[in-house]
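Colleague: This is coords.txt (compact mmCIF, C-alpha atoms and all ligand atoms).
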# COMPACT_ATOMS: atom_id res chain seq x y z
CA MET A 13 3.14 25.73 9.90
CA LYS A 14 4.97 22.43 9.24
CA ARG A 15 5.48 21.47 5.59
CA VAL A 16 5.27 17.90 4.36
CA LEU A 17 5.93 16.29 0.96
CA ILE A 18 3.85 13.18 0.19
CA THR A 19 4.86 11.18 -2.88
CA GLY A 20 2.23 8.94 -4.45
CA ALA A 21 -0.30 11.50 -3.24
CA ALA A 22 -2.97 10.55 -5.79
CA GLY A 23 -2.83 6.87 -4.89
CA PHE A 24 -4.88 4.91 -2.40
CA LEU A 25 -2.65 5.33 0.67
CA GLY A 26 -1.09 8.64 -0.41
CA SER A 27 -4.46 10.35 -0.72
CA HIS A 28 -5.56 9.20 2.74
CA LEU A 29 -2.25 10.46 4.14
CA CYS A 30 -2.80 13.86 2.47
CA ASP A 31 -6.21 14.06 4.17
CA ARG A 32 -4.72 13.18 7.54
CA PHE A 33 -1.88 15.71 7.37
CA ILE A 34 -4.23 18.47 6.19
CA LYS A 35 -6.49 17.61 9.13
CA GLU A 36 -3.52 17.82 11.51
CA GLY A 37 -2.77 21.37 10.27
CA TYR A 38 0.21 20.76 7.98
CA TYR A 39 0.98 22.39 4.62
CA VAL A 40 0.93 19.43 2.21
CA ILE A 41 2.71 19.14 -1.14
CA GLY A 42 1.30 16.11 -2.92
CA MET A 43 3.47 14.66 -5.69
CA ASP A 44 2.45 12.00 -8.21
CA ASN A 45 3.25 11.02 -11.80
CA LEU A 46 -0.32 9.67 -12.17
CA ILE A 47 0.74 6.35 -13.69
CA THR A 48 -1.31 4.37 -11.20
CA GLY A 49 -2.66 7.28 -9.13
CA ASP A 50 -5.91 9.10 -9.86
CA LEU A 51 -6.54 12.81 -9.28
CA THR A 52 -10.14 12.16 -8.27
CA ASN A 53 -8.69 10.78 -5.00
CA ILE A 54 -7.42 14.25 -4.05
CA GLU A 55 -9.54 16.67 -6.09
CA HIS A 56 -11.42 17.66 -2.92
CA LEU A 57 -8.10 19.06 -1.58
CA PHE A 58 -7.39 21.37 -4.51
CA PRO A 59 -9.43 24.31 -3.16
CA ASN A 60 -7.55 24.05 0.18
CA SER A 61 -4.87 26.76 0.46
CA ASN A 62 -2.73 24.39 2.56
CA PHE A 63 -2.48 21.90 -0.29
CA GLU A 64 -0.61 21.97 -3.59
CA PHE A 65 -0.16 19.30 -6.23
CA SER A 66 3.03 18.63 -8.16
CA HIS A 67 2.82 16.38 -11.24
CA HIS A 68 6.25 14.77 -11.19
CA ASP A 69 8.01 11.41 -11.45
CA VAL A 70 10.29 10.99 -8.42
CA SER A 71 12.62 8.72 -10.42
CA LYS A 72 13.83 12.02 -11.90
CA PHE A 73 15.56 14.74 -9.85
CA VAL A 74 13.07 16.14 -7.32
CA TYR A 75 12.97 19.87 -6.67
CA VAL A 76 10.74 21.36 -3.98
CA PRO A 77 11.10 25.06 -3.14
CA GLY A 78 11.06 26.17 0.50
CA GLU A 79 11.45 24.27 3.73
CA LEU A 80 10.33 20.72 4.38
CA ASP A 81 9.84 19.11 7.78
CA TYR A 82 8.75 15.65 6.66
CA ILE A 83 8.83 13.53 3.51
CA LEU A 84 6.54 10.52 3.11
CA HIS A 85 7.65 8.34 0.22
CA PHE A 86 4.57 6.43 -0.89
CA ALA A 87 5.02 6.50 -4.67
CA SER A 88 5.13 3.03 -6.24
CA PRO A 89 2.95 0.68 -8.21
CA ALA A 90 1.64 -1.54 -5.42
CA SER A 91 -0.53 -4.29 -6.85
CA PRO A 92 0.81 -7.42 -8.56
CA ILE A 93 -0.80 -6.66 -11.94
CA ASP A 94 0.58 -3.10 -11.85
CA TYR A 95 4.13 -4.10 -11.20
CA LEU A 96 3.91 -6.85 -13.78
CA LYS A 97 2.73 -4.31 -16.36
CA ILE A 98 5.39 -1.71 -15.46
CA PRO A 99 8.28 -3.65 -13.91
CA ILE A 100 11.04 -1.20 -14.83
CA GLN A 101 9.22 1.84 -13.40
CA THR A 102 8.58 -0.20 -10.25
CA LEU A 103 12.30 -0.86 -9.87
CA LYS A 104 13.15 2.75 -10.67
CA VAL A 105 10.84 4.35 -8.13
CA GLY A 106 12.20 2.09 -5.39
CA SER A 107 15.83 2.74 -6.32
CA LEU A 108 16.39 6.01 -8.23
CA GLY A 109 13.29 7.50 -6.57
CA ILE A 110 14.40 6.80 -3.02
CA HIS A 111 17.88 8.10 -3.78
CA ASN A 112 16.42 11.41 -4.98
CA LEU A 113 14.15 11.69 -1.95
CA LEU A 114 16.86 10.83 0.56
CA GLY A 115 19.02 13.49 -1.07
CA LEU A 116 16.15 15.96 -0.82
CA ALA A 117 15.60 15.04 2.85
CA ARG A 118 19.27 15.68 3.53
CA ALA A 119 19.26 19.01 1.72
CA LYS A 120 16.18 20.15 3.66
CA SER A 121 17.14 18.51 6.99
CA ALA A 122 13.76 16.78 6.82
CA ARG A 123 12.72 13.51 8.41
CA ILE A 124 11.69 10.86 5.88
CA ILE A 125 9.40 7.85 6.23
CA ILE A 126 9.36 5.24 3.50
CA ALA A 127 6.56 2.85 2.57
CA SER A 128 8.00 -0.62 2.74
CA THR A 129 5.95 -3.77 2.59
CA SER A 130 5.25 -7.24 3.91
CA GLU A 131 6.58 -8.34 0.49
CA VAL A 132 10.09 -7.93 1.91
CA TYR A 133 9.28 -11.24 3.66
CA GLY A 134 8.41 -12.84 0.28
CA ASP A 135 6.69 -16.21 0.68
CA PRO A 136 7.45 -16.39 4.39
CA ALA A 137 8.64 -19.55 6.09
CA VAL A 138 7.57 -18.20 9.50
CA ASN A 139 4.11 -17.05 10.51
CA PRO A 140 3.38 -14.45 11.83
CA GLN A 141 6.27 -12.37 10.48
CA PRO A 142 8.28 -10.34 13.02
CA GLU A 143 10.55 -7.52 11.82
CA GLU A 144 13.62 -9.67 12.57
CA TYR A 145 12.65 -12.20 9.87
CA TRP A 146 14.81 -11.69 6.76
CA GLY A 147 12.36 -13.12 4.29
CA ASN A 148 12.15 -15.61 1.46
CA VAL A 149 12.14 -13.67 -1.80
CA ASN A 150 12.68 -14.89 -5.37
CA PRO A 151 14.66 -11.98 -6.89
CA VAL A 152 14.05 -13.07 -10.50
CA GLY A 153 10.39 -14.11 -10.16
CA PRO A 154 7.51 -11.89 -11.31
CA ARG A 155 7.22 -10.23 -7.88
CA GLY A 156 10.97 -9.67 -7.63
CA VAL A 157 10.73 -6.22 -9.24
CA TYR A 158 8.59 -4.99 -6.37
CA ASP A 159 10.03 -7.03 -3.51
CA GLU A 160 13.66 -6.26 -4.35
CA ALA A 161 12.95 -2.58 -5.05
CA LYS A 162 11.44 -2.30 -1.58
CA ARG A 163 14.30 -4.23 0.01
CA PHE A 164 16.82 -1.99 -1.72
CA GLN A 165 14.81 1.01 -0.57
CA GLU A 166 15.11 -0.14 3.04
CA ALA A 167 18.87 -0.73 2.66
CA MET A 168 19.40 2.69 1.08
CA THR A 169 17.33 4.38 3.77
CA MET A 170 19.29 2.69 6.57
CA ALA A 171 22.56 3.68 4.86
CA TYR A 172 21.51 7.35 4.85
CA HIS A 173 20.51 7.00 8.47
CA THR A 174 23.78 5.36 9.51
CA PHE A 175 26.25 7.30 7.36
CA HIS A 176 24.58 10.71 7.10
CA GLY A 177 22.67 10.70 10.39
CA LEU A 178 19.44 11.34 8.50
CA GLU A 179 16.19 10.98 10.47
CA THR A 180 14.51 8.00 8.82
CA ARG A 181 11.50 5.76 9.50
CA ILE A 182 10.53 2.52 7.74
CA VAL A 183 6.97 1.20 7.80
CA ARG A 184 6.34 -2.35 6.55
CA ILE A 185 2.78 -2.25 5.34
CA PHE A 186 0.66 -5.41 5.21
CA ASN A 187 -2.45 -5.85 3.03
CA THR A 188 -4.58 -2.74 3.44
CA TYR A 189 -8.05 -1.94 2.09
CA GLY A 190 -10.60 0.84 2.09
CA PRO A 191 -12.26 3.49 -0.06
CA ARG A 192 -10.23 4.75 -3.09
CA MET A 193 -8.69 1.40 -3.93
CA ARG A 194 -8.74 1.13 -7.69
CA LEU A 195 -11.46 -1.25 -8.76
CA ASN A 196 -9.23 -2.63 -11.53
CA ASP A 197 -5.96 -2.89 -9.61
CA GLY A 198 -6.30 -6.67 -9.50
CA ARG A 199 -5.99 -6.96 -5.74
CA VAL A 200 -8.25 -9.44 -4.13
CA LEU A 201 -10.77 -7.09 -2.47
CA PRO A 202 -11.51 -4.83 -5.45
CA ALA A 203 -11.44 -7.92 -7.70
CA PHE A 204 -14.09 -9.75 -5.64
CA VAL A 205 -16.29 -6.69 -5.00
CA GLY A 206 -16.09 -5.65 -8.67
CA GLN A 207 -17.07 -9.15 -9.74
CA ALA A 208 -19.99 -9.20 -7.30
CA LEU A 209 -21.22 -5.78 -8.50
CA ARG A 210 -20.99 -6.82 -12.17
CA GLY A 211 -22.75 -10.14 -11.49
CA GLU A 212 -19.72 -12.27 -12.29
CA ASP A 213 -18.37 -15.28 -10.42
CA LEU A 214 -15.59 -14.60 -7.88
CA THR A 215 -12.16 -15.80 -9.04
CA VAL A 216 -10.20 -17.49 -6.25
CA PHE A 217 -6.62 -18.22 -7.29
CA GLY A 218 -5.26 -21.61 -6.27
CA ASP A 219 -7.35 -23.65 -3.84
CA GLY A 220 -8.06 -20.62 -1.64
CA THR A 221 -6.14 -21.93 1.39
CA GLN A 222 -3.48 -19.20 1.16
CA THR A 223 -3.92 -16.57 3.87
CA ARG A 224 -3.77 -12.79 4.17
CA SER A 225 -4.50 -10.36 7.04
CA PHE A 226 -6.40 -7.23 6.02
CA CYS A 227 -6.02 -3.85 7.70
CA TYR A 228 -8.51 -0.99 7.28
CA VAL A 229 -6.88 2.14 5.83
CA ASP A 230 -7.69 4.48 8.76
CA ASP A 231 -5.88 2.15 11.15
CA LEU A 232 -2.87 2.05 8.86
CA VAL A 233 -2.73 5.84 8.54
CA GLU A 234 -2.81 6.18 12.33
CA GLY A 235 0.10 3.73 12.63
CA ILE A 236 2.13 5.61 10.01
CA TYR A 237 1.44 8.94 11.70
CA ARG A 238 2.61 7.60 15.06
CA LEU A 239 5.71 6.01 13.58
CA LEU A 240 6.71 9.21 11.79
CA LEU A 241 6.48 11.16 15.04
CA SER A 242 8.27 8.46 17.07
CA ASP A 243 12.05 8.25 17.48
CA TYR A 244 12.32 4.66 16.20
CA SER A 245 14.38 4.19 13.04
CA SER A 246 14.27 0.41 12.51
CA PRO A 247 11.45 -1.13 10.42
CA VAL A 248 8.01 -1.49 12.04
CA ASN A 249 5.19 -3.76 10.81
CA ILE A 250 1.81 -2.07 10.53
CA GLY A 251 -1.08 -4.36 9.73
CA ASN A 252 -4.02 -6.22 11.19
CA PRO A 253 -3.10 -9.70 12.51
CA ASP A 254 -6.62 -11.05 11.89
CA GLU A 255 -5.65 -13.77 9.37
CA ILE A 256 -8.11 -15.35 6.94
CA THR A 257 -7.91 -17.73 3.98
CA ILE A 258 -8.74 -16.27 0.57
CA GLY A 259 -11.49 -18.90 0.22
CA GLN A 260 -13.13 -17.66 3.45
CA PHE A 261 -12.63 -14.09 2.31
CA ALA A 262 -14.54 -14.81 -0.92
CA GLU A 263 -17.42 -16.21 1.17
CA GLU A 264 -17.43 -13.03 3.29
CA ILE A 265 -17.67 -10.86 0.16
CA ILE A 266 -20.51 -13.02 -1.22
CA LYS A 267 -22.39 -12.52 2.05
CA LEU A 268 -21.62 -8.79 2.24
CA THR A 269 -22.73 -8.05 -1.32
CA GLY A 270 -25.64 -10.50 -1.35
CA THR A 271 -24.57 -11.71 -4.80
CA ASN A 272 -25.98 -14.96 -6.22
CA GLN A 273 -22.67 -15.70 -7.94
CA LYS A 274 -20.36 -18.53 -6.92
CA VAL A 275 -16.63 -19.00 -6.47
CA ILE A 276 -14.61 -20.28 -9.41
CA TYR A 277 -10.98 -21.38 -9.18
CA LYS A 278 -8.09 -20.13 -11.34
CA PRO A 279 -4.39 -21.09 -11.25
CA LEU A 280 -2.32 -19.64 -8.42
CA PRO A 281 0.10 -16.98 -9.75
CA GLN A 282 3.80 -17.82 -9.45
CA ASP A 283 5.41 -17.05 -6.06
CA ASP A 284 2.06 -16.11 -4.50
CA PRO A 285 2.79 -16.13 -0.74
CA ARG A 286 1.11 -19.05 1.07
CA GLN A 287 0.63 -17.17 4.31
CA ARG A 288 0.91 -13.65 5.65
CA ARG A 289 0.23 -12.21 9.07
CA PRO A 290 2.01 -9.34 10.81
CA ASP A 291 3.59 -9.69 14.21
CA ILE A 292 2.72 -6.26 15.61
CA THR A 293 4.43 -6.56 19.00
CA LYS A 294 6.77 -3.67 18.12
CA ALA A 295 3.96 -1.36 16.97
CA ARG A 296 2.04 -2.17 20.17
CA GLU A 297 5.02 -1.52 22.43
CA ILE A 298 6.73 1.39 20.70
CA LEU A 299 3.80 3.23 19.12
CA LYS A 300 1.04 2.06 21.49
CA TRP A 301 -0.78 1.25 18.28
CA GLU A 302 -3.11 -1.54 17.31
CA PRO A 303 -5.90 -1.79 14.71
CA LYS A 304 -9.35 -0.68 15.86
CA VAL A 305 -11.57 -1.41 12.86
CA ASN A 306 -12.62 -5.04 12.47
CA ARG A 307 -13.06 -6.60 9.05
CA ALA A 308 -16.88 -6.59 9.12
CA GLU A 309 -16.97 -2.83 9.76
CA GLY A 310 -14.17 -1.99 7.34
CA LEU A 311 -15.61 -4.10 4.53
CA LYS A 312 -19.03 -2.47 4.95
CA ILE A 313 -17.55 1.04 4.56
CA THR A 314 -15.46 -0.06 1.58
CA TYR A 315 -18.41 -1.73 -0.13
CA GLU A 316 -20.48 1.46 0.29
CA TYR A 317 -17.68 3.35 -1.49
CA PHE A 318 -17.52 0.90 -4.40
CA LYS A 319 -21.32 1.10 -4.76
CA THR A 320 -21.06 4.85 -5.40
CA LEU A 321 -18.93 4.25 -8.53
CA SER A 322 -20.72 4.64 -11.84
CA LYS A 323 -21.62 1.74 -14.10
CA GLU A 324 -19.02 3.09 -16.51
CA GLN A 325 -16.25 2.89 -13.88
CA LEU A 326 -17.38 -0.60 -12.96
CA GLU A 327 -17.12 -1.83 -16.53
CA LYS A 328 -13.68 -0.27 -17.00
CA ILE A 329 -11.95 -3.52 -15.98
CA ASP A 330 -9.29 -4.70 -18.36
CA HIS A 331 -9.76 -8.45 -18.27
CA LYS A 332 -6.50 -8.91 -20.13
CA ASP A 333 -4.74 -7.83 -16.94
CA PHE A 334 -6.02 -10.82 -15.07
CA THR A 335 -5.12 -13.18 -17.88
CA ASN A 336 -1.59 -11.83 -18.03
CA TYR A 337 -1.26 -12.08 -14.29
CA ASN A 338 -2.27 -15.73 -14.36
CA ARG A 339 0.21 -16.57 -17.07
CA THR A 340 3.25 -15.46 -15.10
N1 LIG B 401 -6.46 -13.41 -5.39
C1 LIG B 401 -7.53 -14.21 -5.77
N2 LIG B 401 -8.39 -13.74 -6.72
C2 LIG B 401 -8.24 -12.52 -7.33
C3 LIG B 401 -7.17 -11.72 -6.93
C4 LIG B 401 -6.27 -12.18 -5.95
O1 LIG B 401 -7.71 -15.32 -5.26
O2 LIG B 401 -9.07 -12.20 -8.19
C5 LIG B 401 -5.54 -13.94 -4.37
C6 LIG B 401 -4.05 -13.85 -4.72
O3 LIG B 401 -3.64 -14.96 -5.46
C7 LIG B 401 -3.42 -13.79 -3.34
C8 LIG B 401 -4.47 -13.05 -2.48
O4 LIG B 401 -5.68 -13.13 -3.21
O5 LIG B 401 -3.26 -15.10 -2.81
C9 LIG B 401 -4.12 -11.57 -2.25
O6 LIG B 401 -3.79 -11.01 -3.49
P1 LIG B 401 -3.54 -9.47 -3.70
O7 LIG B 401 -3.20 -9.28 -5.15
O8 LIG B 401 -4.68 -8.70 -3.16
O9 LIG B 401 -2.29 -9.08 -2.79
P2 LIG B 401 -0.92 -9.82 -2.38
O10 LIG B 401 -1.07 -9.99 -0.93
O11 LIG B 401 -0.79 -11.15 -3.09
O12 LIG B 401 0.13 -8.86 -2.78
Show how you would write the structure in this file as structure tokens.

Modeller:
Amino acid sequence: MKRVLITGAAGFLGSHLCDRFIKEGYYVIGMDNLITGDLTNIEHLFPNSNFEFSHHDVSKFVYVPGELDYILHFASPASPIDYLKIPIQTLKVGSLGIHNLLGLARAKSARIIIASTSEVYGDPAVNPQPEEYWGNVNPVGPRGVYDEAKRFQEAMTMAYHTFHGLETRIVRIFNTYGPRMRLNDGRVLPAFVGQALRGEDLTVFGDGTQTRSFCYVDDLVEGIYRLLLSDYSSPVNIGNPDEITIGQFAEEIIKLTGTNQKVIYKPLPQDDPRQRRPDITKAREILKWEPKVNRAEGLKITYEYFKTLSKEQLEKIDHKDFTNYNRT
């Protein structure tokens, strides 16, 4: 039985990856420090004898007994309000954390895939973004702690690949959504759906003409799985190229939820990318992958999930977070 270590296992993407690898017949060690992760995302796996959980911060030396075939490094705060609240931890997990995990991969002769991001392209001057684009990042802006940590992580991973011959894979993940997103993580989908469910107006930042391209989580997991098993070691974009303005997106959520609330406008956070859309030519050619779930379907499933949350969970929003975010 193949053994896999998944860091960030209690998070949104990490938990879906744990499910997928269990389903594929792997032994899964899920690791998380639970700063932004939530055990309820993986509690259904605890009775499974092919799953174990390790409560650990990968910024500190990582020890895993026994053999490892694959490491998936998905630990990191991933939403703007999270990395603004914990900027140093964000930098540490992308730098000290990746160093520990690359060392572990070497010691175990394991293949490692790292979660990179469309944020390596910053506020991109080209649209859509192909992997060859080097990006437009403000290293000292509020997003710099995340963007530069991820860029460093890519550089470190390539160095281990080149100099140590380590088997490495780099996935650049674009905006992804689905069940288990944290309602209070400040990202646009949980923000809008939470507002609709609480009967509040939807807060569009800026004039709403900035764009994003949203990928349903199952599609993303399939792309990651294929990339891990491929023999391609340069970065690959995984995302859905169906681009939409945030203003249009708010209208879609109003329609989906049937809320009577309206859109209100708040200041655009500093360095908020104007446009984002993945060029997925490489994923199509190399992995024979493309997204299958369209936004209408994906949003419906995600909304059903958010509706199952209790009133208590819904009210748990820390409004201060949003205020702080806007001030940056
Ligand atoms: N956004 C918004 N209202 C919100 C939260 C986010 O208009 O309540 C905007 C945000 O300014 C950005 C887009 O939605 O332009 C996507 O933001 P998110 O935080 O989801 O992810 P990003 O792609 O910026 O990392």

Colleague: List all protein, DNA and RNA residues that have at least one atom no more than 7 Å from any atom of ligand LIG 401 (chain B), counting all atoms listed in the file, and write them as a PDB file with C-alpha atoms, in the frame of the given file.

Modeller:
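Final file, selection28.pdb:
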ATOM      1  CA  SER A  91      -0.530  -4.290  -6.850  1.00  0.00           C
ATOM      2  CA  PRO A  92       0.810  -7.420  -8.560  1.00  0.00           C
ATOM      3  CA  ASN A 187      -2.450  -5.850   3.030  1.00  0.00           C
ATOM      4  CA  GLY A 198      -6.300  -6.670  -9.500  1.00  0.00           C
ATOM      5  CA  ARG A 199      -5.990  -6.960  -5.740  1.00  0.00           C
ATOM      6  CA  VAL A 200      -8.250  -9.440  -4.130  1.00  0.00           C
ATOM      7  CA  LEU A 201     -10.770  -7.090  -2.470  1.00  0.00           C
ATOM      8  CA  ALA A 203     -11.440  -7.920  -7.700  1.00  0.00           C
ATOM      9  CA  PHE A 204     -14.090  -9.750  -5.640  1.00  0.00           C
ATOM     10  CA  LEU A 214     -15.590 -14.600  -7.880  1.00  0.00           C
ATOM     11  CA  THR A 215     -12.160 -15.800  -9.040  1.00  0.00           C
ATOM     12  CA  VAL A 216     -10.200 -17.490  -6.250  1.00  0.00           C
ATOM     13  CA  PHE A 217      -6.620 -18.220  -7.290  1.00  0.00           C
ATOM     14  CA  GLY A 218      -5.260 -21.610  -6.270  1.00  0.00           C
ATOM     15  CA  GLY A 220      -8.060 -20.620  -1.640  1.00  0.00           C
ATOM     16  CA  GLN A 222      -3.480 -19.200   1.160  1.00  0.00           C
ATOM     17  CA  THR A 223      -3.920 -16.570   3.870  1.00  0.00           C
ATOM     18  CA  ARG A 224      -3.770 -12.790   4.170  1.00  0.00           C
ATOM     19  CA  ILE A 258      -8.740 -16.270   0.570  1.00  0.00           C
ATOM     20  CA  LEU A 280      -2.320 -19.640  -8.420  1.00  0.00           C
ATOM     21  CA  PRO A 281       0.100 -16.980  -9.750  1.00  0.00           C
ATOM     22  CA  ASP A 284       2.060 -16.110  -4.500  1.00  0.00           C
ATOM     23  CA  PRO A 285       2.790 -16.130  -0.740  1.00  0.00           C
TER      24      PRO A 285
END

Colleague: Need to verify the contact set: Asn139 in chain A, 9 Å, only C-alpha atoms, exclusion of same-chain residues closer than 3 positions in sequence. Can you return it as a list in words?

Modeller: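 Result of the neighbour search: Pro136, Pro142, Gln287, Arg288, Arg289, Pro290 and Asp291 of chain A.
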
Colleague: Counting all atoms listed in the file, which residue out of A:Ile125, A:Val138, A:Ile313, A:Val149 sits closest to Arg184 in chain A?

Modeller: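 Under the stated criterion, the closest residue is A:Ile125.
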
Colleague: Give me, please, the distance in Å between CA of Arg163 in chain A and CA of Val305 in chain A, quoted to one decimal.

Modeller: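 A separation of 29.0 Å between them.
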
Colleague: Have a look at A:Pro202, A:Met43, A:Leu96, A:Ala122 and name the one nearest to Arg15 in chain A; count all atoms listed in the file.

Modeller: A:Ala122

Colleague: Please report the interatomic distance between CA of Pro151 in chain A and CA of His85 in chain A in Å with one decimal.

Modeller: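 About the pair CA of Pro151 in chain A and CA of His85 in chain A: they are 22.6 Å apart.
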
Colleague: Select, from A:Val16, A:Arg118, A:Val74, A:Arg296, the residue with the minimum atom-to-atom distance to Phe175 in chain A, counting only C-alpha atoms.

Modeller: A:Arg118

Colleague: Leaving out range 266-276 of chain A and any residue of its chain fewer than 6 positions from it, which residues lie within 10 Å of it when counting all atoms listed in the file, given as an MDAnalysis selection string?

Modeller: chainID A and resid 204:205 207:220 259:260 308 311:312 315:316 319

Colleague: Write the residues you've just listed into a file as a PDB file, in the frame of the given file, and include C-alpha atoms for each of them.

Modeller:
ATOM      1  CA  PHE A 204     -14.090  -9.750  -5.640  1.00  0.00           C
ATOM      2  CA  VAL A 205     -16.290  -6.690  -5.000  1.00  0.00           C
ATOM      3  CA  GLN A 207     -17.070  -9.150  -9.740  1.00  0.00           C
ATOM      4  CA  ALA A 208     -19.990  -9.200  -7.300  1.00  0.00           C
ATOM      5  CA  LEU A 209     -21.220  -5.780  -8.500  1.00  0.00           C
ATOM      6  CA  ARG A 210     -20.990  -6.820 -12.170  1.00  0.00           C
ATOM      7  CA  GLY A 211     -22.750 -10.140 -11.490  1.00  0.00           C
ATOM      8  CA  GLU A 212     -19.720 -12.270 -12.290  1.00  0.00           C
ATOM      9  CA  ASP A 213     -18.370 -15.280 -10.420  1.00  0.00           C
ATOM     10  CA  LEU A 214     -15.590 -14.600  -7.880  1.00  0.00           C
ATOM     11  CA  THR A 215     -12.160 -15.800  -9.040  1.00  0.00           C
ATOM     12  CA  VAL A 216     -10.200 -17.490  -6.250  1.00  0.00           C
ATOM     13  CA  PHE A 217      -6.620 -18.220  -7.290  1.00  0.00           C
ATOM     14  CA  GLY A 218      -5.260 -21.610  -6.270  1.00  0.00           C
ATOM     15  CA  ASP A 219      -7.350 -23.650  -3.840  1.00  0.00           C
ATOM     16  CA  GLY A 220      -8.060 -20.620  -1.640  1.00  0.00           C
ATOM     17  CA  GLY A 259     -11.490 -18.900   0.220  1.00  0.00           C
ATOM     18  CA  GLN A 260     -13.130 -17.660   3.450  1.00  0.00           C
ATOM     19  CA  ALA A 308     -16.880  -6.590   9.120  1.00  0.00           C
ATOM     20  CA  LEU A 311     -15.610  -4.100   4.530  1.00  0.00           C
ATOM     21  CA  LYS A 312     -19.030  -2.470   4.950  1.00  0.00           C
ATOM     22  CA  TYR A 315     -18.410  -1.730  -0.130  1.00  0.00           C
ATOM     23  CA  GLU A 316     -20.480   1.460   0.290  1.00  0.00           C
ATOM     24  CA  LYS A 319     -21.320   1.100  -4.760  1.00  0.00           C
TER      25      LYS A 319
END

Colleague: Counting all atoms listed in the file, select every polymer residue within 9 Å of (13.5, 13.1, 8.4) as defined in the file's coordinates, and provide the selection as an mmCIF file with C-alpha atoms, in the frame of the given file.

Modeller:
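Saved the output as result26.cif:
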data_model
loop_
_atom_site.group_PDB
_atom_site.id
_atom_site.type_symbol
_atom_site.label_atom_id
_atom_site.label_comp_id
_atom_site.auth_asym_id
_atom_site.auth_seq_id
_atom_site.Cartn_x
_atom_site.Cartn_y
_atom_site.Cartn_z
ATOM 1 C CA ASP A 81 9.840 19.110 7.780
ATOM 2 C CA TYR A 82 8.750 15.650 6.660
ATOM 3 C CA ILE A 83 8.830 13.530 3.510
ATOM 4 C CA LEU A 114 16.860 10.830 0.560
ATOM 5 C CA ALA A 117 15.600 15.040 2.850
ATOM 6 C CA ARG A 118 19.270 15.680 3.530
ATOM 7 C CA LYS A 120 16.180 20.150 3.660
ATOM 8 C CA SER A 121 17.140 18.510 6.990
ATOM 9 C CA ALA A 122 13.760 16.780 6.820
ATOM 10 C CA ARG A 123 12.720 13.510 8.410
ATOM 11 C CA ILE A 124 11.690 10.860 5.880
ATOM 12 C CA ILE A 125 9.400 7.850 6.230
ATOM 13 C CA LEU A 178 19.440 11.340 8.500
ATOM 14 C CA GLU A 179 16.190 10.980 10.470
ATOM 15 C CA THR A 180 14.510 8.000 8.820
ATOM 16 C CA ARG A 181 11.500 5.760 9.500
ATOM 17 C CA LEU A 240 6.710 9.210 11.790
#

Colleague: What does the structure give for the distance between CA of Glu160 in chain A and CA of His111 in chain A, in Å to one decimal?

Modeller: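 Answer for the CA of Glu160 in chain A to CA of His111 in chain A separation: 15.0 Å.
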
Colleague: Tell me, as a ChimeraX atom specification, which residues lie within 10 Å of Asp50 in chain A, counting all atoms listed in the file; anything in the same chain fewer than 3 positions away does not count.

Modeller: /A:20-24,27,44-47,53-55,192,194

Colleague: Export C-alpha atoms of the chosen residues as a CSV table (one decimal), in the coordinates of the input?

Modeller:
chain,number,residue,atom,x,y,z
A,20,GLY,CA,2.2,8.9,-4.4
A,21,ALA,CA,-0.3,11.5,-3.2
A,22,ALA,CA,-3.0,10.6,-5.8
A,23,GLY,CA,-2.8,6.9,-4.9
A,24,PHE,CA,-4.9,4.9,-2.4
A,27,SER,CA,-4.5,10.4,-0.7
A,44,ASP,CA,2.4,12.0,-8.2
A,45,ASN,CA,3.2,11.0,-11.8
A,46,LEU,CA,-0.3,9.7,-12.2
A,47,ILE,CA,0.7,6.4,-13.7
A,53,ASN,CA,-8.7,10.8,-5.0
A,54,ILE,CA,-7.4,14.2,-4.0
A,55,GLU,CA,-9.5,16.7,-6.1
A,192,ARG,CA,-10.2,4.8,-3.1
A,194,ARG,CA,-8.7,1.1,-7.7

Colleague: Using all atoms listed in the file, find the one residue out of A:Pro247, A:Pro99, A:Gly156, A:Gly106 that sits nearest to Met170 in chain A.

Modeller: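 Ranking A:Pro247, A:Pro99, A:Gly156, A:Gly106 by distance to Met170 in chain A, first place goes to A:Pro247.
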
Colleague: So which one's closest to Ala295 in chain A, A:Asn252, A:Gln325, A:Ser130, A:Asn196? Using only C-alpha atoms, please.

Modeller: A:Asn252

Colleague: Can you patch up range 123-127 of chain A, filling it in to N, CA, C and O atoms, and show the result as a PDB file, keeping the file's coordinate frame?

Modeller:
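Result written to out.pdb:
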ATOM      1  N   ARG A 123      12.837  14.927   8.040  1.00  0.00           N
ATOM      2  CA  ARG A 123      12.720  13.510   8.410  1.00  0.00           C
ATOM      3  C   ARG A 123      11.945  12.802   7.304  1.00  0.00           C
ATOM      4  O   ARG A 123      10.969  13.345   6.789  1.00  0.00           O
ATOM      5  N   ILE A 124      12.362  11.584   6.961  1.00  0.00           N
ATOM      6  CA  ILE A 124      11.690  10.860   5.880  1.00  0.00           C
ATOM      7  C   ILE A 124      11.174   9.509   6.364  1.00  0.00           C
ATOM      8  O   ILE A 124      11.865   8.808   7.106  1.00  0.00           O
ATOM      9  N   ILE A 125       9.943   9.190   5.962  1.00  0.00           N
ATOM     10  CA  ILE A 125       9.400   7.850   6.230  1.00  0.00           C
ATOM     11  C   ILE A 125       9.145   7.183   4.889  1.00  0.00           C
ATOM     12  O   ILE A 125       8.618   7.814   3.966  1.00  0.00           O
ATOM     13  N   ILE A 126       9.561   5.936   4.769  1.00  0.00           N
ATOM     14  CA  ILE A 126       9.360   5.240   3.500  1.00  0.00           C
ATOM     15  C   ILE A 126       8.352   4.109   3.659  1.00  0.00           C
ATOM     16  O   ILE A 126       8.292   3.429   4.683  1.00  0.00           O
ATOM     17  N   ALA A 127       7.542   3.938   2.582  1.00  0.00           N
ATOM     18  CA  ALA A 127       6.560   2.850   2.570  1.00  0.00           C
ATOM     19  C   ALA A 127       7.258   1.579   2.136  1.00  0.00           C
ATOM     20  O   ALA A 127       7.571   1.399   0.970  1.00  0.00           O
TER      21      ALA A 127
END
